[in-house]
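Structure record follows, encoded as structure tokens.
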Amino acid sequence: MRKTAAVVVIGAGINGCSIAYNLAKDGVRNVLLVEKGYVASGPTGRSSGIVRQHYTIETLAKMARDSLRTYRSFEQEIGGDAGFMQAGVVFLCSEQNAETLKKSVAMHQRLGIRESVLSPEELREMEPFLNIEDIGYGAYEPDGGYADPALAANSFCIAAQKEGVEVLLGTRVTGLRVQGAQIRGVITDKGEIATETVVNVAGPWGREIAAMVRVEIPIKPSRHPVVILKRPPQWRTPTPVWADLVNGWYFKPEGHDGMLVGSISSQEADQEADVEKYSVVTDYDEATTYSDGVLRRFPVMAEGLVKGGWAGLYDVTPDWQPVIDQIPEVKGFYCAVGFSGHGFKLGPAVGRIVSELVREGKCSSYDTTVFRYRRFHNGQLSAGDYDEYKILG
Ligand SMILES: Cc1cc2nc3c(=O)[nH]c(=O)nc-3n(C[C@H](O)[C@H](O)[C@H](O)COP(=O)(O)OP(=O)(O)OC[C@H]3O[C@@H](n4cnc5c(N)ncnc54)[C@H](O)[C@@H]3O)c2cc1C
């Protein structure tokens, strides 16, 4: 193990791998990526991998737009595979959210994102099994879809290694050394590394890493279950990803005959999960409730089957937006944490942002005001416009 590093990145999820890759590609030598498990062993490996651009906050929409471009041309741009499938993504809403939806689509079109507002009849034409009874409008982005998060993180990690990044797996960070408000080193269970720059990308453990330098980041880890159903034989046609803002669910095609279901309700994060002991399997009640959610939108699923499911962790902040910032109190301490259940799709852009912050002291590619750490102290939170669906930013 090397004894010194220019930058130590903590956490090899999608964002940590993308950050390490971008730093090295942009010319930073001696970057070390430290991970207590294996690549994507945290929430990244349990992610649904949906890649959509529909956000109400402009910076997020731009980041999602640019990240989608990378996922679509991953092999040429980064190397390796991210498993991207261009299935399209549809947002469904009632009259209640119609104004927000239409406003967001107009903003996206201005940013060059292909997205259009559809009527219930047009939606039914797109998917004959869709129940349109309570739908006011839909927003369709044909370029979105989903990727394979574990594959994407590993591909970023391999690309980072090719650029000279050293990756230490099975190595837990247990402390950070600070002297005169400046980072001086990283203490791990395998030894100490001297460094003046640390990037905390530890997801739900990000609060714990920040606490090592007495910085408090309000991250609440919460459990996010997903249920997988098998579609009935009469429904084998391709279908896009659906975000149902009427009832609070998302549905993602899984393989050629499956459907993955998860919740988009902010209430899901009401309860704090124990990061070491939470249940990683879905239970009977969850399978039943989530199946009902699918059934309401796709009545044909009455003939479907529950195949199983799993649960992962969200790292939720008070406004459901991440902290991507240099922490002012500790020189050399950067954070990219608190992605609140929507950080996979943003991974490529997050890598670029942190690389700029570390190398140039500021980010020129995006207005990152919404991600500032200080917002929790000055009360200027970065909530989006869908009140009950903060995950949509
Ligand atoms: C079930 C589920 C579905 C999701 N669906 C979507 C989706 O459809 N679209 C989307 O965009 N996002 C989705 N998300 C969110 C997305 O997956 C996450 O925001 C993203 O993967 C976070 O990546 P990350 O690199 O920031 O952190 P993580 O994946 O959380 O990785 C952090 C890493 O840090 C390591 N670590 C922690 N502490 C230490 C330590 N002390 N020393 C060394 N290493 C440490 C951990 O082992 C872990 O590997 C979903 C999340 C879940 C759980």
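So you can find residues: chains in the structure tokens are A, B, ... in the order shown, residues in each start at 1, and ligands are numbered from 1 in order.
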Exercise. What do you get as an MDAnalysis selection string if you pick all residues at most 7 Å from ligand 1, counting only C-alpha atoms and all ligand atoms?
Worked result: chainID A and resid 10:16 34:51 171:174 201:206 209 224:226 311:314 336:337 339:346
Problem set entry | Residues near Phe333 of chain A, cut-off 8 Å, only C-alpha atoms, skip fewer than 3 positions along chain, as a PyMOL selection string | chain A and resi 182-183+197-200+326-327+330
Could you name the residues that touch Gln96 of chain A at 10 Å or less, counting only C-alpha atoms, but leaving out those on the same chain fewer than 6 positions away, as a compact mmCIF listing (two decimals) with C-alpha atoms, in the first residue's frame?
```
# COMPACT_ATOMS: atom_id res chain seq x y z
CA GLY A 136 -54.07 14.24 -16.65
CA LEU A 245 -46.80 10.70 -9.79
CA VAL A 246 -50.49 9.99 -9.23
```
Exercise. Which is closer to Ser94 of chain A than all the others in A:Ile135, A:Ala181, A:Val9, A:Val306, using only C-alpha atoms?
Worked result: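 That would be A:Ile135, the residue with the smallest distance to Ser94 of chain A.
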Exercise. If you count only C-alpha atoms, which residues fall within 10 Å of Pro238 of chain A, apart from same-chain ones fewer than 5 positions away, as a list in words?
Worked result: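 That gives Ala87, Glu127, Pro253, Gly255, His256 and Asp257 of chain A.
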Problem set entry | Gly309 of chain A surroundings by only C-alpha atoms, 9 Å radius, close-in-sequence under 3 positions cut, as a count of residues only | 12
Exercise. Using only C-alpha atoms, which residues sit within 9 Å of Ala243 of chain A once same-chain residues fewer than 4 positions away are excluded, as a ChimeraX atom specification?
Worked result: /A:89-93,248-252,264
For this session: Could you check which of A:Leu176, A:Ile57, A:Ala159, A:Ile113 is closest to Asp81 of chain A, using only C-alpha atoms?
Result: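 Looking only at the distances to Asp81 of chain A, the closest residue turns out to be A:Ala159.
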Exercise. Where does DSSP see strand (DSSP E or B) in segment 135-214 of chain A, if you list the residues as a ChimeraX atom specification?
Worked result: /A:137-141,145-146,166-168,173-179,182-188,191-194,198-200
Problem set entry | Within 10 Å of Tyr137 of chain A using only C-alpha atoms, minus same-chain residues under 3 positions, as a list of chain:residue names |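 Contacts, with the query itself left out: A:Phe91, A:Leu92, A:Cys93, A:Ser94, A:Glu95, A:Asn97, A:Ala98, A:Glu99, A:Leu101, A:Lys102, A:Val117, A:Leu118, A:Ser119, A:Pro120, A:Glu121, A:Glu122, A:Leu123, A:Ile132, A:Asp134, A:Tyr140.
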Those selected residues, please, written with C-alpha atoms and delivered as an mmCIF file, in the first residue's frame.
```
data_model
loop_
_atom_site.group_PDB
_atom_site.id
_atom_site.type_symbol
_atom_site.label_atom_id
_atom_site.label_comp_id
_atom_site.auth_asym_id
_atom_site.auth_seq_id
_atom_site.Cartn_x
_atom_site.Cartn_y
_atom_site.Cartn_z
ATOM 1 C CA PHE A 91 -43.823 10.629 -16.088
ATOM 2 C CA LEU A 92 -47.533 10.367 -15.335
ATOM 3 C CA CYS A 93 -49.437 12.989 -13.367
ATOM 4 C CA SER A 94 -52.956 14.060 -12.466
ATOM 5 C CA GLU A 95 -54.227 17.647 -12.803
ATOM 6 C CA ASN A 97 -49.023 18.279 -10.760
ATOM 7 C CA ALA A 98 -49.814 19.306 -14.346
ATOM 8 C CA GLU A 99 -48.402 22.832 -14.069
ATOM 9 C CA LEU A 101 -44.789 18.917 -15.170
ATOM 10 C CA LYS A 102 -45.402 21.274 -18.094
ATOM 11 C CA VAL A 117 -46.123 16.402 -23.002
ATOM 12 C CA LEU A 118 -48.552 13.637 -23.970
ATOM 13 C CA SER A 119 -52.320 13.295 -23.504
ATOM 14 C CA PRO A 120 -53.809 10.211 -21.799
ATOM 15 C CA GLU A 121 -54.869 8.910 -25.223
ATOM 16 C CA GLU A 122 -51.344 9.255 -26.622
ATOM 17 C CA LEU A 123 -50.020 7.433 -23.557
ATOM 18 C CA ILE A 132 -55.258 6.125 -17.985
ATOM 19 C CA ASP A 134 -56.798 9.144 -13.353
ATOM 20 C CA TYR A 140 -42.102 11.380 -22.347
#
```
Exercise. As a list in words, which residues of segment 215-300 of chain A does DSSP assign to alpha helix (DSSP H)?
Worked result: Tyr284, Asp285, Glu286, Ala287, Thr288, Thr289, Tyr290, Ser291, Asp292, Gly293, Val294, Leu295, Arg296 and Arg297 of chain A
For this session: For each of A:Ser67, A:Gly338, A:Phe371, A:Lys3, take the minimum atom-to-atom distance to Ile187 of chain A, counting only C-alpha atoms, then give the residue where this is smallest.
Result: A:Lys3
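Interatomic distance, atom CA of Gly88 of chain A against atom CA of Tyr21 of chain A: 28.0 Å.
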For this session: Find the residue from A:Glu166, A:Asp292, A:Asp285, A:Asp66 that sits nearest to Ala20 of chain A; use only C-alpha atoms when measuring.
Result: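 Nearest candidate to Ala20 of chain A out of A:Glu166, A:Asp292, A:Asp285, A:Asp66: A:Glu166.
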Exercise. So which one's closest to Cys157 of chain A, A:Ser116, A:Ser18, A:Thr70, A:Ser355? Using only C-alpha atoms, please.
Worked result: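 Closest to Cys157 of chain A of all the choices is A:Ser18.
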